[in-house]
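Structure file coords19.pdb (PDB, C-alpha atoms) follows.
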```
ATOM      1  CA  MET A   7      12.315   9.068 -16.429
ATOM      2  CA  PRO A   8       8.749   9.295 -15.080
ATOM      3  CA  GLU A   9       6.095   8.937 -17.742
ATOM      4  CA  ARG A  10       4.309  12.116 -18.734
ATOM      5  CA  LYS A  11       0.739  10.962 -19.262
ATOM      6  CA  MET A  12      -2.645  12.350 -18.385
ATOM      7  CA  ILE A  13      -3.871  10.458 -15.334
ATOM      8  CA  ASN A  14      -7.578  10.234 -14.594
ATOM      9  CA  PRO A  15      -8.939  10.480 -11.027
ATOM     10  CA  VAL A  16      -9.464   6.725 -10.738
ATOM     11  CA  ARG A  17      -5.854   6.070 -11.656
ATOM     12  CA  CYS A  18      -4.618   8.742  -9.230
ATOM     13  CA  LEU A  19      -6.590   7.138  -6.384
ATOM     14  CA  ALA A  20      -5.252   3.684  -7.203
ATOM     15  CA  ILE A  21      -1.648   4.926  -7.375
ATOM     16  CA  ALA A  22      -2.016   6.806  -4.105
ATOM     17  CA  LEU A  23      -3.482   3.780  -2.315
ATOM     18  CA  ALA A  24      -0.820   1.492  -3.731
ATOM     19  CA  ALA A  25       1.880   3.874  -2.500
ATOM     20  CA  LEU A  26       0.308   4.349   0.920
ATOM     21  CA  SER A  27       0.063   0.644   1.493
ATOM     22  CA  PHE A  28       3.840   0.237   1.316
ATOM     23  CA  ALA A  29       4.606   2.569   4.251
ATOM     24  CA  PRO A  30       4.141   1.341   7.844
ATOM     25  CA  ILE A  31       2.503   3.736  10.282
ATOM     26  CA  ASN A  32       4.896   5.405  12.709
ATOM     27  CA  GLY A  33       4.133   6.609  16.212
ATOM     28  CA  SER A  34       5.388   9.665  18.068
ATOM     29  CA  ALA A  35       6.491  10.385  21.605
ATOM     30  CA  GLU A  36       5.041  13.917  21.887
ATOM     31  CA  ASP A  37       1.659  15.632  21.722
ATOM     32  CA  ARG A  38       0.916  16.834  18.204
ATOM     33  CA  PRO A  39      -1.496  19.180  16.385
ATOM     34  CA  LEU A  40      -5.008  17.880  15.741
ATOM     35  CA  TRP A  41      -4.523  18.566  12.020
ATOM     36  CA  GLU A  42      -1.789  19.623   9.602
ATOM     37  CA  ALA A  43      -1.934  20.588   5.921
ATOM     38  CA  GLY A  44       0.678  20.917   3.184
ATOM     39  CA  ALA A  45       1.652  19.912  -0.340
ATOM     40  CA  GLY A  46       4.636  18.499  -2.200
ATOM     41  CA  VAL A  47       5.739  15.984  -4.812
ATOM     42  CA  ALA A  48       6.348  12.228  -4.858
ATOM     43  CA  VAL A  49       8.035   9.788  -7.225
ATOM     44  CA  ILE A  50       7.251   6.081  -7.173
ATOM     45  CA  SER A  51       8.433   3.180  -9.337
ATOM     46  CA  PHE A  52       6.824  -0.276  -9.384
ATOM     47  CA  PRO A  53       5.888  -3.153 -11.732
ATOM     48  CA  THR A  54       2.703  -2.731 -13.756
ATOM     49  CA  TYR A  55       1.300  -5.634 -11.716
ATOM     50  CA  ARG A  56       2.779  -8.131  -9.234
ATOM     51  CA  GLY A  57       4.867 -10.545 -11.281
ATOM     52  CA  SER A  58       5.299  -8.274 -14.306
ATOM     53  CA  ASP A  59       8.799  -7.630 -15.668
ATOM     54  CA  GLN A  60       7.749  -4.192 -16.941
ATOM     55  CA  ARG A  61       7.772  -1.156 -14.654
ATOM     56  CA  LYS A  62       6.101   2.243 -14.455
ATOM     57  CA  SER A  63       7.319   5.411 -12.778
ATOM     58  CA  TYR A  64       5.129   8.315 -11.732
ATOM     59  CA  LEU A  65       5.851  11.872 -10.658
ATOM     60  CA  LEU A  66       2.796  12.999  -8.725
ATOM     61  CA  PRO A  67       1.556  15.837  -6.528
ATOM     62  CA  ALA A  68       1.721  14.788  -2.878
ATOM     63  CA  PRO A  69      -0.811  16.518  -0.639
ATOM     64  CA  TYR A  70       0.126  16.415   3.046
ATOM     65  CA  ILE A  71      -3.027  16.001   5.127
ATOM     66  CA  VAL A  72      -2.920  14.835   8.730
ATOM     67  CA  TYR A  73      -5.908  14.519  11.049
ATOM     68  CA  ARG A  74      -5.623  12.909  14.484
ATOM     69  CA  GLY A  75      -9.219  12.427  15.593
ATOM     70  CA  GLU A  76     -10.433   9.879  18.111
ATOM     71  CA  VAL A  77     -12.140   7.819  15.386
ATOM     72  CA  LEU A  78     -10.892   9.126  12.034
ATOM     73  CA  GLN A  79      -7.105   9.326  11.604
ATOM     74  CA  ILE A  80      -5.472  10.517   8.384
ATOM     75  CA  SER A  81      -1.716  10.627   7.822
ATOM     76  CA  HIS A  82       0.766  10.722   4.952
ATOM     77  CA  GLU A  83       0.857   6.917   5.315
ATOM     78  CA  SER A  84      -2.770   5.849   5.697
ATOM     79  CA  VAL A  85      -6.439   6.596   6.292
ATOM     80  CA  ARG A  86      -7.769   4.817   9.367
ATOM     81  CA  GLY A  87     -11.211   4.585  10.928
ATOM     82  CA  LEU A  88     -10.857   3.299  14.475
ATOM     83  CA  PHE A  89     -13.970   1.375  15.526
ATOM     84  CA  LEU A  90     -12.686  -0.274  18.685
ATOM     85  CA  LYS A  91      -9.523   0.230  20.717
ATOM     86  CA  SER A  92      -8.168  -1.180  23.966
ATOM     87  CA  ASP A  93      -4.767  -1.409  25.623
ATOM     88  CA  HIS A  94      -4.039  -4.607  23.691
ATOM     89  CA  ALA A  95      -5.789  -4.310  20.322
ATOM     90  CA  GLU A  96      -7.737  -2.122  17.923
ATOM     91  CA  LEU A  97     -10.129  -2.603  15.004
ATOM     92  CA  ASP A  98      -9.791  -0.218  12.076
ATOM     93  CA  VAL A  99     -10.233   0.030   8.302
ATOM     94  CA  SER A 100      -7.510  -1.222   5.941
ATOM     95  CA  MET A 101      -7.209   0.155   2.398
ATOM     96  CA  ASN A 102      -4.984  -0.666  -0.558
ATOM     97  CA  GLY A 103      -5.131  -0.484  -4.327
ATOM     98  CA  SER A 104      -3.562  -1.333  -7.663
ATOM     99  CA  VAL A 105      -3.001   0.703 -10.812
ATOM    100  CA  PRO A 106      -4.684   0.064 -14.185
ATOM    101  CA  VAL A 107      -2.796  -1.915 -16.814
ATOM    102  CA  LYS A 108      -3.209  -1.287 -20.534
ATOM    103  CA  SER A 109      -2.645  -4.664 -22.150
ATOM    104  CA  ASN A 110      -1.435  -3.183 -25.443
ATOM    105  CA  GLY A 111       1.495  -1.688 -23.519
ATOM    106  CA  ASN A 112       2.383  -4.897 -21.680
ATOM    107  CA  GLN A 113       4.100  -7.698 -23.584
ATOM    108  CA  ALA A 114       2.793 -10.518 -21.377
ATOM    109  CA  ARG A 115      -0.842  -9.322 -21.621
ATOM    110  CA  ASP A 116      -0.833  -8.162 -25.257
ATOM    111  CA  GLY A 117      -4.225  -8.874 -26.810
ATOM    112  CA  MET A 118      -5.931  -9.504 -23.441
ATOM    113  CA  PRO A 119      -8.492  -7.255 -21.711
ATOM    114  CA  ASP A 120      -7.099  -4.305 -19.764
ATOM    115  CA  LEU A 121      -6.856  -4.516 -15.970
ATOM    116  CA  ASP A 122      -8.955  -1.864 -14.243
ATOM    117  CA  PRO A 123      -7.599  -0.121 -11.142
ATOM    118  CA  THR A 124      -8.671  -1.796  -7.930
ATOM    119  CA  LEU A 125      -9.703  -0.577  -4.518
ATOM    120  CA  GLU A 126      -9.154  -2.921  -1.577
ATOM    121  CA  ILE A 127     -11.037  -2.162   1.619
ATOM    122  CA  GLY A 128     -11.965  -4.070   4.732
ATOM    123  CA  PRO A 129     -11.516  -4.412   8.504
ATOM    124  CA  SER A 130      -8.172  -4.979  10.206
ATOM    125  CA  LEU A 131      -7.666  -6.373  13.696
ATOM    126  CA  ASN A 132      -4.369  -5.029  15.068
ATOM    127  CA  LEU A 133      -2.830  -6.731  18.098
ATOM    128  CA  PHE A 134      -0.309  -4.773  20.181
ATOM    129  CA  LEU A 135       2.504  -7.210  20.951
ATOM    130  CA  ILE A 136       5.186  -4.872  22.358
ATOM    131  CA  HIS A 137       4.747  -1.173  23.129
ATOM    132  CA  SER A 138       7.493   0.635  25.032
ATOM    133  CA  ASP A 139       6.497   3.044  27.810
ATOM    134  CA  ALA A 140       7.710   6.062  25.832
ATOM    135  CA  LYS A 141       6.157   4.649  22.608
ATOM    136  CA  LYS A 142       9.578   4.712  20.963
ATOM    137  CA  ILE A 143       9.397   1.089  19.784
ATOM    138  CA  ASN A 144       6.152  -0.689  18.905
ATOM    139  CA  LEU A 145       5.575  -4.201  17.552
ATOM    140  CA  ASP A 146       2.097  -5.036  16.214
ATOM    141  CA  LEU A 147       0.447  -7.932  14.419
ATOM    142  CA  ARG A 148      -2.023  -6.656  11.814
ATOM    143  CA  LEU A 149      -4.721  -8.917  10.379
ATOM    144  CA  PRO A 150      -6.542  -7.121   7.536
ATOM    145  CA  VAL A 151      -9.194  -8.786   5.371
ATOM    146  CA  ARG A 152     -10.113  -6.769   2.278
ATOM    147  CA  THR A 153     -12.634  -7.094  -0.516
ATOM    148  CA  VAL A 154     -11.287  -6.091  -3.939
ATOM    149  CA  ILE A 155     -13.333  -3.881  -6.268
ATOM    150  CA  ALA A 156     -12.194  -3.212  -9.848
ATOM    151  CA  SER A 157     -13.607  -0.108 -11.542
ATOM    152  CA  ASP A 158     -12.968   2.353 -14.335
ATOM    153  CA  PHE A 159     -16.214   4.260 -13.593
ATOM    154  CA  PRO A 160     -19.082   4.026 -14.082
ATOM    155  CA  ARG A 161     -18.626   0.228 -14.069
ATOM    156  CA  ALA A 162     -17.484  -1.578 -10.936
ATOM    157  CA  LYS A 163     -17.249  -5.229  -9.946
ATOM    158  CA  GLN A 164     -16.040  -7.269  -7.001
ATOM    159  CA  VAL A 165     -13.083  -9.430  -8.055
ATOM    160  CA  GLY A 166     -12.165 -11.301  -4.899
ATOM    161  CA  TRP A 167     -10.778 -11.189  -1.360
ATOM    162  CA  LEU A 168      -7.346 -10.750   0.210
ATOM    163  CA  PHE A 169      -5.916 -11.564   3.642
ATOM    164  CA  GLN A 170      -2.574  -9.921   4.495
ATOM    165  CA  PRO A 171      -1.264 -10.622   8.008
ATOM    166  CA  GLN A 172       1.786  -8.498   8.841
ATOM    167  CA  LEU A 173       4.238  -7.981  11.667
ATOM    168  CA  ASN A 174       4.842  -4.235  11.925
ATOM    169  CA  VAL A 175       7.689  -2.531  13.814
ATOM    170  CA  ASP A 176       7.752   1.243  14.408
ATOM    171  CA  VAL A 177      10.777   3.034  15.842
ATOM    172  CA  ALA A 178      10.526   6.728  16.761
ATOM    173  CA  ASP A 179      13.508   9.081  17.172
ATOM    174  CA  LEU A 180      15.783   6.563  15.481
ATOM    175  CA  GLY A 181      19.383   6.785  16.686
ATOM    176  CA  GLY A 182      18.407   9.578  19.078
ATOM    177  CA  VAL A 183      17.486  11.904  16.197
ATOM    178  CA  GLU A 184      14.232  13.671  17.092
ATOM    179  CA  GLY A 185      11.512  13.154  14.505
ATOM    180  CA  LEU A 186      13.380  10.456  12.552
ATOM    181  CA  LYS A 187      11.124   7.411  12.207
ATOM    182  CA  LEU A 188      11.666   3.886  10.916
ATOM    183  CA  GLY A 189       8.908   1.481   9.945
ATOM    184  CA  LEU A 190       9.358  -2.184   9.044
ATOM    185  CA  ALA A 191       6.640  -4.605   7.952
ATOM    186  CA  ALA A 192       6.710  -8.203   6.730
ATOM    187  CA  GLY A 193       4.189 -10.905   6.019
ATOM    188  CA  PRO A 194       2.484 -13.208   3.520
ATOM    189  CA  LEU A 195      -0.519 -12.548   1.299
ATOM    190  CA  PHE A 196      -3.440 -14.883   0.622
ATOM    191  CA  GLY A 197      -6.045 -14.442  -2.101
ATOM    192  CA  ASP A 198      -9.080 -16.356  -3.261
ATOM    193  CA  ARG A 199      -9.341 -18.014  -6.686
ATOM    194  CA  ARG A 200     -11.387 -15.161  -8.156
ATOM    195  CA  TYR A 201      -8.783 -12.532  -7.244
ATOM    196  CA  HIS A 202      -5.900 -14.565  -8.651
ATOM    197  CA  GLN A 203      -7.876 -15.336 -11.802
ATOM    198  CA  TYR A 204      -8.466 -11.615 -12.397
ATOM    199  CA  PHE A 205      -4.741 -10.884 -12.532
ATOM    200  CA  TYR A 206      -3.176 -14.167 -13.655
ATOM    201  CA  GLY A 207      -5.822 -16.211 -15.465
ATOM    202  CA  VAL A 208      -5.686 -16.670 -19.266
ATOM    203  CA  ALA A 209      -9.004 -17.537 -20.928
ATOM    204  CA  PRO A 210      -8.782 -19.982 -23.886
ATOM    205  CA  GLU A 211      -9.693 -17.255 -26.395
ATOM    206  CA  PHE A 212      -6.598 -15.268 -25.349
ATOM    207  CA  ALA A 213      -4.184 -18.213 -25.376
ATOM    208  CA  THR A 214      -1.231 -18.147 -27.791
ATOM    209  CA  ALA A 215       1.748 -20.386 -28.473
ATOM    210  CA  ALA A 216       3.745 -18.386 -25.902
ATOM    211  CA  ARG A 217       0.825 -17.867 -23.490
ATOM    212  CA  PRO A 218      -1.167 -21.047 -22.810
ATOM    213  CA  ALA A 219      -4.602 -20.988 -21.214
ATOM    214  CA  TYR A 220      -4.414 -20.869 -17.430
ATOM    215  CA  ASN A 221      -6.877 -21.124 -14.540
ATOM    216  CA  ALA A 222      -5.585 -19.694 -11.269
ATOM    217  CA  HIS A 223      -6.106 -21.205  -7.817
ATOM    218  CA  GLY A 224      -6.683 -19.531  -4.477
ATOM    219  CA  GLY A 225      -4.200 -19.639  -1.608
ATOM    220  CA  TYR A 226      -0.754 -18.295  -0.834
ATOM    221  CA  ALA A 227       0.086 -15.195  -2.926
ATOM    222  CA  GLY A 228       3.696 -14.475  -1.971
ATOM    223  CA  SER A 229       5.276 -12.333   0.739
ATOM    224  CA  GLN A 230       6.287  -8.713   1.124
ATOM    225  CA  PHE A 231       8.994  -6.991   3.175
ATOM    226  CA  VAL A 232       8.804  -3.209   3.562
ATOM    227  CA  GLY A 233      11.101  -0.581   5.063
ATOM    228  CA  ALA A 234      10.174   3.110   5.377
ATOM    229  CA  VAL A 235      12.060   6.096   6.810
ATOM    230  CA  SER A 236      10.657   9.585   7.381
ATOM    231  CA  LYS A 237      11.485  12.791   9.203
ATOM    232  CA  ARG A 238       9.291  15.726  10.176
ATOM    233  CA  PHE A 239      11.076  19.071  10.083
ATOM    234  CA  PRO A 240       9.513  22.321  11.352
ATOM    235  CA  THR A 241       8.147  23.325   7.938
ATOM    236  CA  TYR A 242       8.407  20.213   5.777
ATOM    237  CA  TRP A 243       8.295  16.404   5.789
ATOM    238  CA  VAL A 244      10.418  13.903   3.827
ATOM    239  CA  GLY A 245       9.991  10.169   3.522
ATOM    240  CA  GLY A 246      10.936   7.179   1.446
ATOM    241  CA  PHE A 247      10.267   3.457   1.299
ATOM    242  CA  MET A 248      11.508   0.276  -0.349
ATOM    243  CA  LYS A 249       9.597  -2.981  -0.695
ATOM    244  CA  TRP A 250      10.852  -6.432  -1.657
ATOM    245  CA  ASP A 251       8.157  -8.692  -3.070
ATOM    246  CA  THR A 252       8.530 -12.436  -3.702
ATOM    247  CA  LEU A 253       6.069 -14.701  -5.550
ATOM    248  CA  ASN A 254       8.041 -17.912  -4.986
ATOM    249  CA  SER A 255       5.649 -20.805  -4.249
ATOM    250  CA  ALA A 256       2.580 -18.604  -4.866
ATOM    251  CA  ALA A 257      -0.547 -20.450  -5.981
ATOM    252  CA  PHE A 258      -0.342 -18.711  -9.375
ATOM    253  CA  ALA A 259       3.462 -18.779  -9.766
ATOM    254  CA  ASP A 260       3.204 -20.989 -12.880
ATOM    255  CA  SER A 261       0.899 -18.559 -14.694
ATOM    256  CA  PRO A 262       2.322 -17.427 -18.072
ATOM    257  CA  LEU A 263       1.625 -13.855 -16.922
ATOM    258  CA  VAL A 264       4.161 -14.145 -14.088
ATOM    259  CA  LYS A 265       7.420 -13.001 -15.658
ATOM    260  CA  THR A 266       9.431 -12.363 -12.505
ATOM    261  CA  LYS A 267       9.028 -13.782  -9.011
ATOM    262  CA  GLN A 268      11.137 -11.247  -7.108
ATOM    263  CA  TYR A 269      11.358  -7.479  -7.448
ATOM    264  CA  PHE A 270      11.764  -4.180  -5.604
ATOM    265  CA  THR A 271       9.437  -1.187  -5.400
ATOM    266  CA  ALA A 272      10.613   2.222  -4.174
ATOM    267  CA  GLY A 273       9.307   5.729  -3.632
ATOM    268  CA  PHE A 274      10.236   9.117  -2.197
ATOM    269  CA  ALA A 275       8.178  12.172  -1.233
ATOM    270  CA  ILE A 276       8.701  15.661   0.145
ATOM    271  CA  SER A 277       5.917  17.930   1.388
ATOM    272  CA  TRP A 278       5.943  21.483   2.696
ATOM    273  CA  ILE A 279       3.628  22.093   5.666
ATOM    274  CA  PHE A 280       1.899  25.491   5.560
ATOM    275  CA  ALA A 281      -0.821  25.190   8.245
ATOM    276  CA  GLU A 282      -1.529  23.320  11.454
ATOM    277  CA  SER A 283      -4.055  23.278  14.278
ATOM    278  CA  LYS A 284      -3.381  25.084  17.533
ATOM    279  CA  THR A 285      -5.261  22.308  19.303
ATOM    280  CA  MET A 286      -2.924  19.577  20.486
ATOM    281  CA  VAL A 287      -3.872  15.913  20.954
ATOM    282  CA  ALA A 288      -2.366  13.006  22.872
ATOM    283  CA  ARG A 289       0.615  11.202  21.405
ATOM    284  CA  ASP A 290      -1.272   7.911  20.983
ATOM    285  CA  ARG A 291      -3.474   9.255  18.172
TER     286      ARG A 291
END
```
What would you get if you wrote out this structure as structure tokens?
Amino acid sequence: MPERKMINPVRCLAIALAALSFAPINGSAEDRPLWEAGAGVAVISFPTYRGSDQRKSYLLPAPYIVYRGEVLQISHESVRGLFLKSDHAELDVSMNGSVPVKSNGNQARDGMPDLDPTLEIGPSLNLFLIHSDAKKINLDLRLPVRTVIASDFPRAKQVGWLFQPQLNVDVADLGGVEGLKLGLAAGPLFGDRRYHQYFYGVAPEFATAARPAYNAHGGYAGSQFVGAVSKRFPTYWVGGFMKWDTLNSAAFADSPLVKTKQYFTAGFAISWIFAESKTMVARDR
């Protein structure tokens, strides 16, 4: 059952960003409203941190906000700021996040400092590899580089860098069903030593017989494979995703804080749409 706990705004933002990052962006073959607004609920289940064998589940409000501007684009899957765009590539903003971890509630981290929620943000160069004429099937290579900021407010600190190249496939009107979309994404992650140390390092003062001291290294951080399906109905939207994450051969795989090297994450959301713009925009926004 989802946990019933008070969630502060920082935690809500981190959970939302973590959830958004799992869902590939889907295109559409028709002109659409400039903006749409709605609200609903979402449930998401994932490990407390990558490599943890303990999970958390959340039942959260799910606002549905879509804006299809020329520069700023907001969807139920992402927030994007398009700086440059051509027929073959675009440069936008990539965002992600992680949830806070209370060490007294996690067996592997018991007695260690808590992990603050993180915000990941940075530029992403997206290369258009295959785009069908009707924009029904798109294949992109995305190359985001993000700085990682940990904060519980008012304190904040930079804890490293991430590089997450991904192949992304979007299929619109899947199986001939109008509005049914499929998104697939796969790729490795790479982090610097500081980022890996934040999550997987064990300082000597926190070492125990079952948890030896450990200094993490930078480099390969595992791979992720994501599938997402969604459908837009006249008055509501539904969507779900599943992600398989593997830490095999990761630079920190031998950390005593890594308790599992393979796991699934899943989520589902439904939102009712109660308002939309009368102004229509081109399908490529």
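One finds atom CA of A:Thr153 at 25.6 Å from atom CA of A:Ser92.
Distances here use all atoms listed in the file; by that measure, the residue among A:Gly166, A:Gly228, A:Gly245, A:Pro150 closest to A:Lys267 is A:Gly228.
With only the atoms specified (all atoms listed in the file) counting, those residues at most 10 Å away from (7.2, -1.9, -11.3) are A:Ile50, A:Ser51, A:Phe52, A:Pro53, A:Thr54, A:Tyr55, A:Arg56, A:Gly57, A:Ser58, A:Asp59, A:Gln60, A:Arg61, A:Lys62, A:Ser63, A:Tyr269, A:Phe270, A:Thr271, A:Ala272.
Against the coordinates shown, the PyMOL selection byres ((chain A and resi 73) around 10) returns Pro39, Leu40, Trp41, Glu42, Ala43, Ile71, Val72, Arg74, Gly75, Glu76, Leu78, Gln79, Ile80, Ser81, His82, Val85, Glu282, Ser283 and Arg291 of chain A.
When all atoms listed in the file are used to measure the gap to A:Ala68, the shortest distance among A:Ile279, A:Val151, A:Leu188, A:Leu253 belongs to A:Ile279.
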| task | Do a neighbour search on A:Ser255 at 12 Å with only C-alpha atoms, toss out local chain neighbours closer than 2 positions, and write the hits as a PyMOL selection string. | result | chain A and resi 194-196+225-229+252-253+257-261+264+267-268
| task | Could you jot down the atom CA of A:Gly117 to atom CA of A:Lys163 separation for me, Å, one decimal place? | result | 21.6 Å
| request: One decimal, Å: what's the distance from atom CA of A:Gly246 over to atom CA of A:Val175, could you say? | output: 16.1 Å
| request: Determine the nearest neighbour of A:Phe280 from the options A:Ser100, A:Asp146, A:His202, A:Tyr242, counting all atoms listed in the file. | output: A:Tyr242
| query | Could you spell out the hits of the PyMOL selection byres ((chain A and resi 164) around 12) on the shown file, as an MDAnalysis selection string? | reply | chainID A and resid 122:127 152:157 161:163 165:168 200:201 204
Please, can stretch 236-255 of chain A be completed to N, CA and C atoms and returned as a short mmCIF file (atom, residue, chain, number, x, y, z; two decimals), keeping the file's coordinate frame?
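The file below, out-v7.cif, is the result:
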```
data_model
loop_
_atom_site.label_atom_id
_atom_site.label_comp_id
_atom_site.auth_asym_id
_atom_site.auth_seq_id
_atom_site.Cartn_x
_atom_site.Cartn_y
_atom_site.Cartn_z
N SER A 236 11.19 8.24 7.57
CA SER A 236 10.66 9.59 7.38
C SER A 236 11.16 10.50 8.48
N LYS A 237 11.11 11.80 8.19
CA LYS A 237 11.48 12.79 9.20
C LYS A 237 10.63 14.02 9.04
N ARG A 238 10.10 14.51 10.14
CA ARG A 238 9.29 15.73 10.18
C ARG A 238 10.17 16.88 10.64
N PHE A 239 10.36 17.85 9.75
CA PHE A 239 11.08 19.07 10.08
C PHE A 239 10.06 20.15 10.44
N PRO A 240 10.49 21.30 10.95
CA PRO A 240 9.51 22.32 11.35
C PRO A 240 8.55 22.73 10.25
N THR A 241 9.02 22.84 9.01
CA THR A 241 8.15 23.32 7.94
C THR A 241 7.98 22.35 6.78
N TYR A 242 8.59 21.18 6.85
CA TYR A 242 8.41 20.21 5.78
C TYR A 242 8.63 18.80 6.30
N TRP A 243 8.19 17.83 5.46
CA TRP A 243 8.30 16.40 5.79
C TRP A 243 8.92 15.68 4.61
N VAL A 244 9.83 14.73 4.88
CA VAL A 244 10.42 13.90 3.83
C VAL A 244 10.29 12.44 4.23
N GLY A 245 10.12 11.59 3.23
CA GLY A 245 9.99 10.17 3.52
C GLY A 245 10.28 9.33 2.30
N GLY A 246 10.68 8.10 2.53
CA GLY A 246 10.94 7.18 1.45
C GLY A 246 10.70 5.76 1.91
N PHE A 247 10.49 4.86 0.96
CA PHE A 247 10.27 3.46 1.30
C PHE A 247 10.88 2.56 0.22
N MET A 248 11.11 1.31 0.59
CA MET A 248 11.51 0.28 -0.35
C MET A 248 10.81 -1.02 0.06
N LYS A 249 10.30 -1.73 -0.95
CA LYS A 249 9.60 -2.98 -0.70
C LYS A 249 10.19 -4.09 -1.55
N TRP A 250 10.45 -5.23 -0.93
CA TRP A 250 10.85 -6.43 -1.66
C TRP A 250 9.68 -7.38 -1.68
N ASP A 251 9.32 -7.84 -2.87
CA ASP A 251 8.16 -8.69 -3.07
C ASP A 251 8.62 -10.01 -3.69
N THR A 252 8.19 -11.14 -3.14
CA THR A 252 8.53 -12.44 -3.70
C THR A 252 7.26 -13.23 -3.98
N LEU A 253 7.20 -13.85 -5.16
CA LEU A 253 6.07 -14.70 -5.55
C LEU A 253 6.46 -16.18 -5.57
N ASN A 254 7.62 -16.51 -5.04
CA ASN A 254 8.04 -17.91 -4.99
C ASN A 254 7.01 -18.75 -4.23
N SER A 255 6.61 -19.86 -4.83
CA SER A 255 5.65 -20.80 -4.25
C SER A 255 4.22 -20.26 -4.18
#
```
